[in-house]
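Novice: Got a file for you: final_10.txt, compact mmCIF, C-alpha atoms and all ligand atoms.
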```txt
# COMPACT_ATOMS: atom_id res chain seq x y z
CA MET A 1 92.56 94.78 125.68
CA SER A 2 91.97 93.94 129.34
CA ALA A 3 93.50 90.49 128.76
CA VAL A 4 96.73 92.12 127.57
CA ILE A 5 96.93 94.50 130.54
CA GLU A 6 96.36 91.65 132.94
CA GLN A 7 98.82 89.50 131.11
CA SER A 8 101.66 92.03 131.24
CA SER A 9 101.93 91.43 134.97
CA LEU A 10 102.85 87.80 134.27
CA ARG A 11 106.02 86.47 135.80
CA LEU A 12 108.00 84.68 133.13
CA LEU A 13 110.90 82.25 133.50
CA PHE A 14 112.90 81.77 130.29
CA VAL A 15 115.24 78.77 130.20
CA SER A 16 118.02 79.22 127.66
CA THR A 17 119.78 76.81 125.33
CA PRO A 18 122.37 74.59 127.08
CA VAL A 19 124.67 74.59 124.04
CA GLY A 20 126.60 77.65 125.24
CA SER A 21 126.29 80.87 127.21
CA LEU A 22 124.18 83.69 125.77
CA GLY A 23 126.50 85.89 123.75
CA SER A 24 128.86 83.05 122.78
CA GLY A 25 127.20 82.43 119.41
CA GLU A 26 127.23 78.67 120.02
CA GLY A 27 123.44 78.70 120.30
CA GLY A 28 122.97 80.35 116.90
CA GLY A 29 119.90 82.44 116.16
CA VAL A 30 117.94 81.29 119.20
CA GLU A 31 120.26 83.41 121.37
CA LEU A 32 119.14 86.57 119.55
CA THR A 33 115.50 85.45 119.59
CA LEU A 34 115.63 85.00 123.36
CA LEU A 35 117.30 88.38 123.93
CA ASN A 36 114.86 90.18 121.64
CA THR A 37 111.85 88.51 123.24
CA VAL A 38 113.08 89.52 126.69
CA GLN A 39 113.64 93.10 125.51
CA VAL A 40 110.16 93.57 124.08
CA LEU A 41 108.31 91.84 126.91
CA ALA A 42 110.27 93.62 129.64
CA GLY A 43 109.41 96.87 127.86
CA ARG A 44 105.74 95.90 128.07
CA GLY A 45 105.90 95.37 131.81
CA TYR A 46 106.47 91.63 132.12
CA ARG A 47 108.87 90.47 134.78
CA VAL A 48 111.32 88.17 133.06
CA THR A 49 113.96 85.98 134.69
CA VAL A 50 116.41 84.04 132.52
CA LEU A 51 118.06 80.80 133.56
CA ALA A 52 121.12 80.33 131.35
CA PRO A 53 124.59 78.77 131.33
CA LEU A 54 127.15 80.63 133.45
CA GLY A 55 128.63 83.68 131.70
CA SER A 56 125.40 84.67 129.97
CA GLU A 57 124.47 88.33 129.81
CA VAL A 58 120.93 89.57 129.26
CA PRO A 59 120.02 93.26 129.36
CA ASN A 60 116.52 94.00 130.77
CA ALA A 61 116.22 90.84 132.85
CA GLN A 62 117.49 89.13 135.94
CA VAL A 63 119.86 86.34 134.84
CA ILE A 64 120.63 83.31 136.94
CA GLY A 65 123.83 81.65 135.71
CA VAL A 66 123.93 77.88 135.99
CA GLU A 67 127.05 75.69 135.93
CA GLY A 68 127.62 72.53 134.00
CA GLN A 69 128.77 70.94 130.82
CA GLY A 70 127.12 72.00 127.55
CA GLN A 71 125.02 69.87 125.23
CA VAL A 72 126.28 68.76 121.83
CA PRO A 73 124.40 70.81 119.18
CA ALA A 74 121.46 68.79 117.82
CA GLN A 75 122.24 69.63 114.18
CA THR A 76 125.36 67.42 114.30
CA GLN A 77 123.21 64.31 114.95
CA THR A 78 121.70 61.70 112.64
CA ARG A 79 118.04 60.61 112.63
CA ILE A 80 118.73 57.65 114.91
CA THR A 81 121.17 59.30 117.33
CA PRO A 82 119.94 58.50 120.85
CA ILE A 83 119.54 61.13 123.55
CA VAL A 84 122.94 61.96 125.02
CA MET A 85 123.66 63.97 128.16
CA PRO A 86 127.16 64.70 129.48
CA PRO A 87 128.06 64.25 133.15
CA GLN A 88 127.39 67.42 135.21
CA SER A 89 124.99 68.47 132.47
CA VAL A 90 124.08 72.16 132.39
CA LEU A 91 120.78 71.14 130.79
CA ALA A 92 119.89 68.98 133.79
CA ASN A 93 121.03 71.72 136.18
CA LEU A 94 118.96 74.38 134.40
CA TRP A 95 115.81 72.28 134.62
CA GLN A 96 116.46 71.30 138.22
CA CYS A 97 116.57 75.05 139.02
CA ALA A 98 113.44 75.70 136.95
CA HIS A 99 111.62 72.96 138.83
CA ALA A 100 112.67 74.34 142.21
CA MET A 101 111.63 77.91 141.24
CA GLN A 102 108.43 77.18 139.35
CA SER A 103 106.01 78.40 142.04
CA ASP A 104 107.35 81.95 141.61
CA TYR A 105 106.31 82.05 137.93
CA ASP A 106 103.15 82.00 135.84
CA LEU A 107 104.80 80.58 132.73
CA ILE A 108 108.11 78.90 131.87
CA VAL A 109 109.43 79.15 128.31
CA ASN A 110 112.00 76.65 127.08
CA PHE A 111 114.44 77.75 124.34
CA ALA A 112 116.41 74.48 124.21
CA TYR A 113 116.14 72.02 121.33
CA ASP A 114 116.74 69.15 123.74
CA TRP A 115 114.80 66.17 124.94
CA LEU A 116 114.78 66.79 128.70
CA PRO A 117 112.49 69.87 128.89
CA PHE A 118 109.88 68.22 126.65
CA PHE A 119 109.98 65.04 128.72
CA LEU A 120 109.70 67.01 131.97
CA THR A 121 106.76 69.20 130.90
CA PRO A 122 104.00 67.05 132.49
CA PHE A 123 105.94 66.96 135.77
CA PHE A 124 105.70 70.75 136.22
CA HIS A 125 102.65 72.40 137.80
CA THR A 126 103.57 75.72 136.14
CA PRO A 127 102.89 75.55 132.39
CA VAL A 128 105.97 75.04 130.22
CA ALA A 129 105.89 76.38 126.65
CA HIS A 130 108.59 75.61 124.09
CA LEU A 131 110.18 77.75 121.39
CA VAL A 132 111.35 75.04 118.98
CA SER A 133 114.23 76.62 117.09
CA MET A 134 114.95 73.96 114.45
CA GLY A 135 113.03 71.62 112.20
CA SER A 136 112.85 67.84 112.57
CA LEU A 137 116.33 66.37 113.10
CA THR A 138 116.12 63.15 115.10
CA ASP A 139 113.45 60.53 115.77
CA ALA A 140 113.92 60.83 119.52
CA MET A 141 113.37 64.60 119.50
CA ASP A 142 110.37 64.32 117.17
CA ALA A 143 108.70 61.93 119.61
CA ALA A 144 109.43 64.13 122.63
CA ILE A 145 108.09 67.29 120.97
CA ALA A 146 105.06 65.43 119.56
CA ALA A 147 104.11 64.18 123.02
CA VAL A 148 103.85 67.79 124.29
CA ALA A 149 102.15 69.03 121.12
CA HIS A 150 99.41 66.40 121.42
CA ARG A 151 98.86 66.65 125.15
CA TYR A 152 98.86 70.45 125.55
CA PRO A 153 97.31 72.85 123.00
CA ALA A 154 99.51 75.70 121.77
CA ARG A 155 102.55 74.82 123.86
CA ILE A 156 104.83 74.47 120.79
CA GLY A 157 105.96 77.71 119.16
CA VAL A 158 108.01 77.65 115.95
CA TYR A 159 109.46 80.26 113.62
CA THR A 160 107.93 79.37 110.24
CA ARG A 161 105.36 77.21 108.47
CA THR A 162 108.11 75.44 106.50
CA GLN A 163 109.80 74.52 109.77
CA ALA A 164 106.50 73.29 111.27
CA GLU A 165 105.90 71.13 108.21
CA THR A 166 109.05 69.10 108.90
CA PHE A 167 107.07 67.66 111.86
CA ALA A 168 104.06 65.31 111.73
CA PHE A 169 102.22 67.68 114.13
CA ALA A 170 102.64 70.84 112.02
CA ASP A 171 99.04 71.95 112.58
CA ARG A 172 99.58 72.01 116.36
CA CYS A 173 102.48 74.51 116.14
CA VAL A 174 102.07 78.25 116.72
CA LEU A 175 103.93 80.38 114.15
CA LEU A 176 105.93 83.17 115.79
CA GLY A 177 108.32 84.40 113.11
CA SER A 178 111.09 86.56 114.51
CA GLY A 179 111.82 90.23 115.09
CA LEU A 180 114.58 92.72 115.85
CA ASP A 181 115.22 96.00 117.58
CA LEU A 182 115.53 97.84 114.27
CA SER A 183 117.18 100.83 115.93
CA ARG A 184 120.29 98.68 116.38
CA TYR A 185 120.68 98.23 112.60
CA ASP A 186 121.65 101.22 110.46
CA PHE A 187 120.53 101.56 106.87
CA CYS A 188 123.29 101.88 104.28
CA GLU A 189 122.35 103.13 100.83
CA THR A 190 125.73 102.92 99.08
CA PRO A 191 127.58 99.71 99.87
CA ASP A 192 131.16 98.71 99.10
CA ALA A 193 131.85 96.05 96.51
CA GLY A 194 131.82 93.03 98.82
CA LEU A 195 129.37 90.31 99.80
CA ALA A 196 128.59 88.89 103.24
CA TRP A 197 128.03 85.43 104.68
CA LEU A 198 126.95 85.11 108.32
CA GLY A 199 126.32 82.23 110.63
CA ARG A 200 127.71 79.31 112.53
CA ILE A 201 130.43 77.70 110.43
CA SER A 202 129.11 74.18 110.26
CA PRO A 203 128.36 71.87 107.27
CA GLU A 204 124.56 72.38 107.29
CA LYS A 205 125.19 76.05 106.45
CA GLY A 206 126.85 75.33 103.07
CA LEU A 207 129.51 78.06 103.33
CA GLU A 208 131.52 76.46 100.50
CA ASP A 209 128.89 77.52 97.94
CA ALA A 210 129.17 81.17 98.96
CA VAL A 211 132.96 80.93 98.72
CA ALA A 212 132.65 79.35 95.25
CA ALA A 213 130.37 82.21 94.14
CA ALA A 214 132.81 84.80 95.51
CA GLU A 215 135.66 83.15 93.64
CA ALA A 216 133.69 83.08 90.38
CA THR A 217 132.53 86.71 90.61
CA GLU A 218 135.86 87.91 92.08
CA LEU A 219 133.92 89.88 94.70
CA PRO A 220 135.30 89.91 98.25
CA LEU A 221 133.29 87.85 100.73
CA LYS A 222 133.26 88.77 104.41
CA ILE A 223 132.54 85.77 106.64
CA LEU A 224 131.27 86.34 110.18
CA GLY A 225 130.29 83.80 112.77
CA ARG A 226 131.30 81.24 115.34
CA ILE A 227 133.43 78.38 113.98
CA GLN A 228 131.63 75.25 115.20
CA ASP A 229 133.50 72.83 112.93
CA SER A 230 137.09 73.90 112.34
CA ASP A 231 137.92 70.89 110.08
CA TYR A 232 135.08 71.93 107.79
CA PHE A 233 136.31 75.52 107.59
CA GLU A 234 139.92 74.44 106.90
CA GLN A 235 138.70 72.13 104.16
CA ILE A 236 136.87 75.03 102.46
CA GLN A 237 140.00 77.18 102.61
CA ARG A 238 142.04 74.34 101.03
CA GLN A 239 139.38 73.81 98.34
CA PHE A 240 139.30 77.50 97.32
CA PRO A 241 142.83 78.85 97.92
CA GLN A 242 142.30 81.79 95.54
CA ALA A 243 138.87 82.87 96.79
CA PRO A 244 138.76 86.51 97.99
CA ILE A 245 137.45 85.70 101.47
CA GLU A 246 138.04 87.40 104.78
CA TYR A 247 137.06 85.79 108.08
CA LEU A 248 136.24 88.42 110.73
CA GLY A 249 135.26 86.14 113.64
CA PHE A 250 132.06 86.25 115.68
CA LEU A 251 131.19 89.87 116.35
CA PRO A 252 128.65 91.41 118.73
CA THR A 253 125.56 92.84 116.99
CA ALA A 254 126.78 96.48 116.86
CA GLU A 255 130.05 95.58 115.15
CA MET A 256 128.50 92.85 113.02
CA GLN A 257 125.88 95.15 111.52
CA ALA A 258 128.54 97.84 110.87
CA VAL A 259 130.25 95.34 108.54
CA LEU A 260 127.09 93.78 107.14
CA ARG A 261 125.44 97.03 106.12
CA ARG A 262 128.34 97.95 103.83
CA CYS A 263 127.93 94.74 101.81
CA ARG A 264 126.14 94.45 98.48
CA ALA A 265 124.25 91.31 99.48
CA LEU A 266 124.03 88.56 102.06
CA LEU A 267 124.42 85.03 100.69
CA VAL A 268 122.39 82.32 102.47
CA THR A 269 123.43 78.86 101.32
CA SER A 270 121.88 76.48 103.86
CA ARG A 271 121.79 72.80 102.97
CA TRP A 272 119.23 72.00 105.68
CA VAL A 273 115.71 73.27 106.19
CA GLU A 274 116.65 76.45 108.02
CA ALA A 275 113.93 77.07 110.63
CA PHE A 276 114.11 80.81 110.08
CA GLY A 277 117.41 82.59 109.57
CA ASN A 278 117.77 85.59 111.85
CA VAL A 279 120.71 86.76 109.73
CA LEU A 280 118.34 87.41 106.83
CA ILE A 281 116.25 89.91 108.72
CA GLU A 282 119.36 91.53 110.17
CA ALA A 283 120.58 92.07 106.59
CA LEU A 284 117.21 93.43 105.44
CA ALA A 285 117.18 95.81 108.42
CA CYS A 286 120.44 97.30 107.11
CA GLY A 287 119.04 97.55 103.58
CA VAL A 288 121.12 94.60 102.38
CA PRO A 289 119.44 92.34 99.79
CA VAL A 290 119.49 88.60 100.44
CA ILE A 291 120.36 85.92 97.89
CA ALA A 292 119.19 82.63 99.38
CA TYR A 293 118.48 79.08 98.36
CA ARG A 294 114.74 78.56 97.99
CA ARG A 295 114.56 76.21 100.98
CA GLY A 296 113.29 76.46 104.56
CA GLY A 297 112.65 79.72 106.40
CA PRO A 298 114.57 81.93 103.92
CA ALA A 299 112.01 81.06 101.24
CA GLU A 300 109.32 82.59 103.48
CA ILE A 301 111.36 85.73 104.19
CA VAL A 302 112.88 86.97 100.92
CA ARG A 303 110.49 88.68 98.49
CA HIS A 304 111.90 87.35 95.24
CA GLY A 305 112.90 90.20 92.92
CA GLU A 306 112.04 92.85 95.51
CA THR A 307 114.25 92.29 98.57
CA GLY A 308 116.59 89.72 97.07
CA TRP A 309 116.65 86.55 95.01
CA LEU A 310 115.53 83.04 95.87
CA VAL A 311 117.62 80.65 93.82
CA GLU A 312 117.53 76.94 93.11
CA PRO A 313 118.87 75.10 96.17
CA ASP A 314 122.56 74.10 95.96
CA SER A 315 123.07 75.98 92.69
CA VAL A 316 126.24 78.10 92.74
CA ALA A 317 125.29 79.26 89.22
CA GLY A 318 122.02 80.57 90.71
CA LEU A 319 123.94 82.51 93.38
CA ILE A 320 126.20 84.01 90.71
CA LYS A 321 123.23 85.09 88.60
CA GLY A 322 121.64 86.64 91.69
CA ILE A 323 124.84 88.58 92.40
CA GLN A 324 125.02 89.80 88.81
CA THR A 325 121.44 91.11 88.92
CA LEU A 326 121.60 92.87 92.28
CA SER A 327 121.07 96.27 90.66
CA HIS A 328 117.36 95.30 90.30
CA ILE A 329 116.94 95.34 94.07
CA ASP A 330 116.17 98.58 95.91
CA ARG A 331 117.91 98.66 99.29
CA TRP A 332 115.10 100.80 100.77
CA ALA A 333 112.63 98.03 99.94
CA CYS A 334 114.74 95.71 102.11
CA ARG A 335 114.63 98.04 105.11
CA SER A 336 110.90 98.58 104.57
CA GLN A 337 110.20 94.85 104.65
CA ALA A 338 112.11 94.54 107.94
CA GLU A 339 110.10 97.42 109.39
CA ALA A 340 106.78 95.99 108.21
CA GLU A 341 107.27 92.35 109.22
CA PHE A 342 110.19 91.94 111.59
CA SER A 343 110.07 94.73 114.15
CA LEU A 344 110.41 94.08 117.85
CA GLU A 345 106.80 95.21 118.25
CA ALA A 346 105.58 92.60 115.76
CA LEU A 347 107.55 89.91 117.61
CA GLY A 348 106.08 91.13 120.92
CA ASP A 349 102.52 91.07 119.59
CA ARG A 350 102.87 87.52 118.25
CA THR A 351 104.50 86.32 121.48
CA GLU A 352 101.81 87.89 123.69
CA ALA A 353 99.10 86.33 121.54
CA TRP A 354 100.83 82.95 121.91
CA PHE A 355 100.95 83.26 125.72
CA THR A 356 97.26 84.29 125.82
CA THR A 357 96.26 81.22 123.81
CA LEU A 358 98.32 78.71 125.69
CA LEU A 359 97.39 80.03 129.14
CA HIS A 360 93.73 79.98 128.11
CA HIS A 361 94.08 76.22 127.52
CA LYS A 362 95.99 75.64 130.76
N1 LIG B 401 125.81 86.37 114.61
C1 LIG B 401 126.41 87.35 115.39
N2 LIG B 401 127.65 87.77 115.06
C2 LIG B 401 128.34 87.31 114.00
C3 LIG B 401 127.70 86.33 113.19
C4 LIG B 401 126.45 85.87 113.52
O1 LIG B 401 125.84 87.82 116.37
O2 LIG B 401 129.47 87.74 113.78
C5 LIG B 401 124.48 85.86 115.01
C6 LIG B 401 123.36 86.44 114.20
O3 LIG B 401 122.96 87.67 114.73
C7 LIG B 401 122.25 85.39 114.32
C8 LIG B 401 123.02 84.11 114.63
O4 LIG B 401 124.39 84.47 114.79
O5 LIG B 401 121.39 85.70 115.38
C9 LIG B 401 122.84 83.08 113.54
O6 LIG B 401 121.52 82.68 113.57
P1 LIG B 401 120.64 82.11 112.37
O7 LIG B 401 119.20 82.18 112.81
O8 LIG B 401 120.97 82.81 111.10
O9 LIG B 401 121.07 80.60 112.21
P2 LIG B 401 121.29 79.40 113.28
O10 LIG B 401 122.67 79.56 113.82
O11 LIG B 401 120.24 79.55 114.34
O12 LIG B 401 121.14 78.14 112.50
```
Would it be possible to restate this file's structure as structure tokens?
Ligand code: UDP

Specialist:
Amino acid sequence: MSAVIEQSSLRLLFVSTPVGSLGSGEGGGVELTLLNTVQVLAGRGYRVTVLAPLGSEVPNAQVIGVEGQGQVPAQTQTRITPIVMPPQSVLANLWQCAHAMQSDYDLIVNFAYDWLPFFLTPFFHTPVAHLVSMGSLTDAMDAAIAAVAHRYPARIGVYTRTQAETFAFADRCVLLGSGLDLSRYDFCETPDAGLAWLGRISPEKGLEDAVAAAEATELPLKILGRIQDSDYFEQIQRQFPQAPIEYLGFLPTAEMQAVLRRCRALLVTSRWVEAFGNVLIEALACGVPVIAYRRGGPAEIVRHGETGWLVEPDSVAGLIKGIQTLSHIDRWACRSQAEAEFSLEALGDRTEAWFTTLLHHK
């Protein structure tokens, strides 16, 4: 107990993803994870400062906006893609600021899936911990993360076991899961007829399978999220001209959940090993069952037959069967799972335990 009280006076510096400003959606789920972590820790008395690309907004914390050009998202790269940094890199600028400010903080937490912060870790006298938001993608990143994992105990936090197991150093990762402010998500007992699909519109998310399932079942599909690859989205629309889809754009949480909660199910069709899938727990929080491919983080979240269906990966027929058997799923069970496993408090407890462990090894 005393360790926790002492710890809550820690001064924390969070360094955000350099892919886009917080609130843009370019950073995907890690944006929400950062905001939720700030919210719960600030509520517990920590002093949190966030360094983030210019234009970022973070309630509950001081934000220092940093200029520069964004990084290319790592999920667009192949295994052998080398490390690339643009001129006037916001990533470099963020870490230059972090280095200059480090004496004012007890712990720095990196939220970027980028090489530079891992490489720089030994050059900081303030400990740097890393929230790794994706599984293994490139050889260069694997090596950079592995170097930190082996040199410093407990510095690498990940979302799920499945994600950790994509790395050779899985046993050196701390599992953090994710969590939400459940009061921002309203339960809806009687949905409309439609389905939902949420996320960055990018090939690794497999949107075309959800559209194919909507076409086959003739149920409207609401699509929400940042378009990261417009050619890909146009190709899907050409491939399924008759599909009953509606694209609503990228909406802030309040508006997004107002749409999501009225849907019969969320379809999760990822082709890659999804590290977690914040959209799944957002759906569960609204009482919306999840039909997901049995792959990556979603396979650790959905309780098959209770809060949704886990179906054979890449099987549109499996999605369709899941949609047709949705009446077996109790929407209250979905909300209850979110309350039991994915509350802000649960996220806060796991994060505090992580900080205690890693600072103990300092
Ligand atoms: N999201 C949102 N508004 C939208 C659609 C999506 O805020 O209209 C957010 C959603 O809350 C989630 C993120 O986009 O936090 C997607 O994250 P997820 O973990 O599902 O996947 P990632 O993009 O990290 O691969």

Novice: If the limit is 7 Å from any atom of ligand LIG 401 (chain B), counting all atoms listed in the file, which residues qualify? Return them as a ChimeraX atom specification.

Specialist: /A:25,27-32,198-200,224-226,249-253,256,274,276-280,282

Novice: Is there a way to get, as a PDB file with C-alpha atoms, in the coordinates of the input, all residues within 12 Å of the point (133.5, 88.5, 87.1) in file coordinates, counting only C-alpha atoms?

Specialist:
```
ATOM      1  CA  ALA A 213     130.370  82.210  94.140  1.00  0.00           C
ATOM      2  CA  ALA A 214     132.810  84.800  95.510  1.00  0.00           C
ATOM      3  CA  GLU A 215     135.660  83.150  93.640  1.00  0.00           C
ATOM      4  CA  ALA A 216     133.690  83.080  90.380  1.00  0.00           C
ATOM      5  CA  THR A 217     132.530  86.710  90.610  1.00  0.00           C
ATOM      6  CA  GLU A 218     135.860  87.910  92.080  1.00  0.00           C
ATOM      7  CA  LEU A 219     133.920  89.880  94.700  1.00  0.00           C
ATOM      8  CA  PRO A 220     135.300  89.910  98.250  1.00  0.00           C
ATOM      9  CA  ILE A 320     126.200  84.010  90.710  1.00  0.00           C
ATOM     10  CA  LYS A 321     123.230  85.090  88.600  1.00  0.00           C
ATOM     11  CA  ILE A 323     124.840  88.580  92.400  1.00  0.00           C
ATOM     12  CA  GLN A 324     125.020  89.800  88.810  1.00  0.00           C
TER      13      GLN A 324
END
```

Novice: I'd like the contact shell of Glu165 in chain A - 10 Å cut-off, all atoms listed in the file, skipping same-chain residues fewer than 4 positions apart - returned as a ChimeraX atom specification.

Specialist: /A:135-136,160-161,169-171,173,296

Novice: Given the choices A:Ala129, A:Asp142, A:Phe111, A:Val50, which gets closest to Arg79 in chain A if the distance is worked out from only C-alpha atoms?

Specialist: A:Asp142

Novice: Give the answer as one residue: which of A:Asp139, A:Asp181, A:Glu26, A:Glu57 has the shortest atom-to-atom distance to Phe342 in chain A, using only C-alpha atoms?

Specialist: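 Of A:Asp139, A:Asp181, A:Glu26, A:Glu57, the one nearest Phe342 in chain A, counting only C-alpha atoms, is A:Asp181.
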
Novice: Kindly give the distance, in Å, that separates CA of Ser315 in chain A and CA of Glu246 in chain A, rounded to a single decimal.

Specialist: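 Distance between the two atoms: 22.4 Å.
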
Novice: With 6 Å added on each side, what axis-aligned box encloses every listed atom of range 178-184 of chain A? Give the centre and edge lengths in Å to one decimal, as JSON.

Specialist:
```
{"center_x": 115.7, "center_y": 93.7, "center_z": 115.9, "size_x": 21.2, "size_y": 26.3, "size_z": 15.3}
```

Novice: Which residue is closest to Leu344 in chain A? Choose from A:Ser230, A:Ser270, A:Ser133, A:Asn36 and count all atoms listed in the file.

Specialist: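 For Leu344 in chain A, the nearest of the given residues is A:Asn36.
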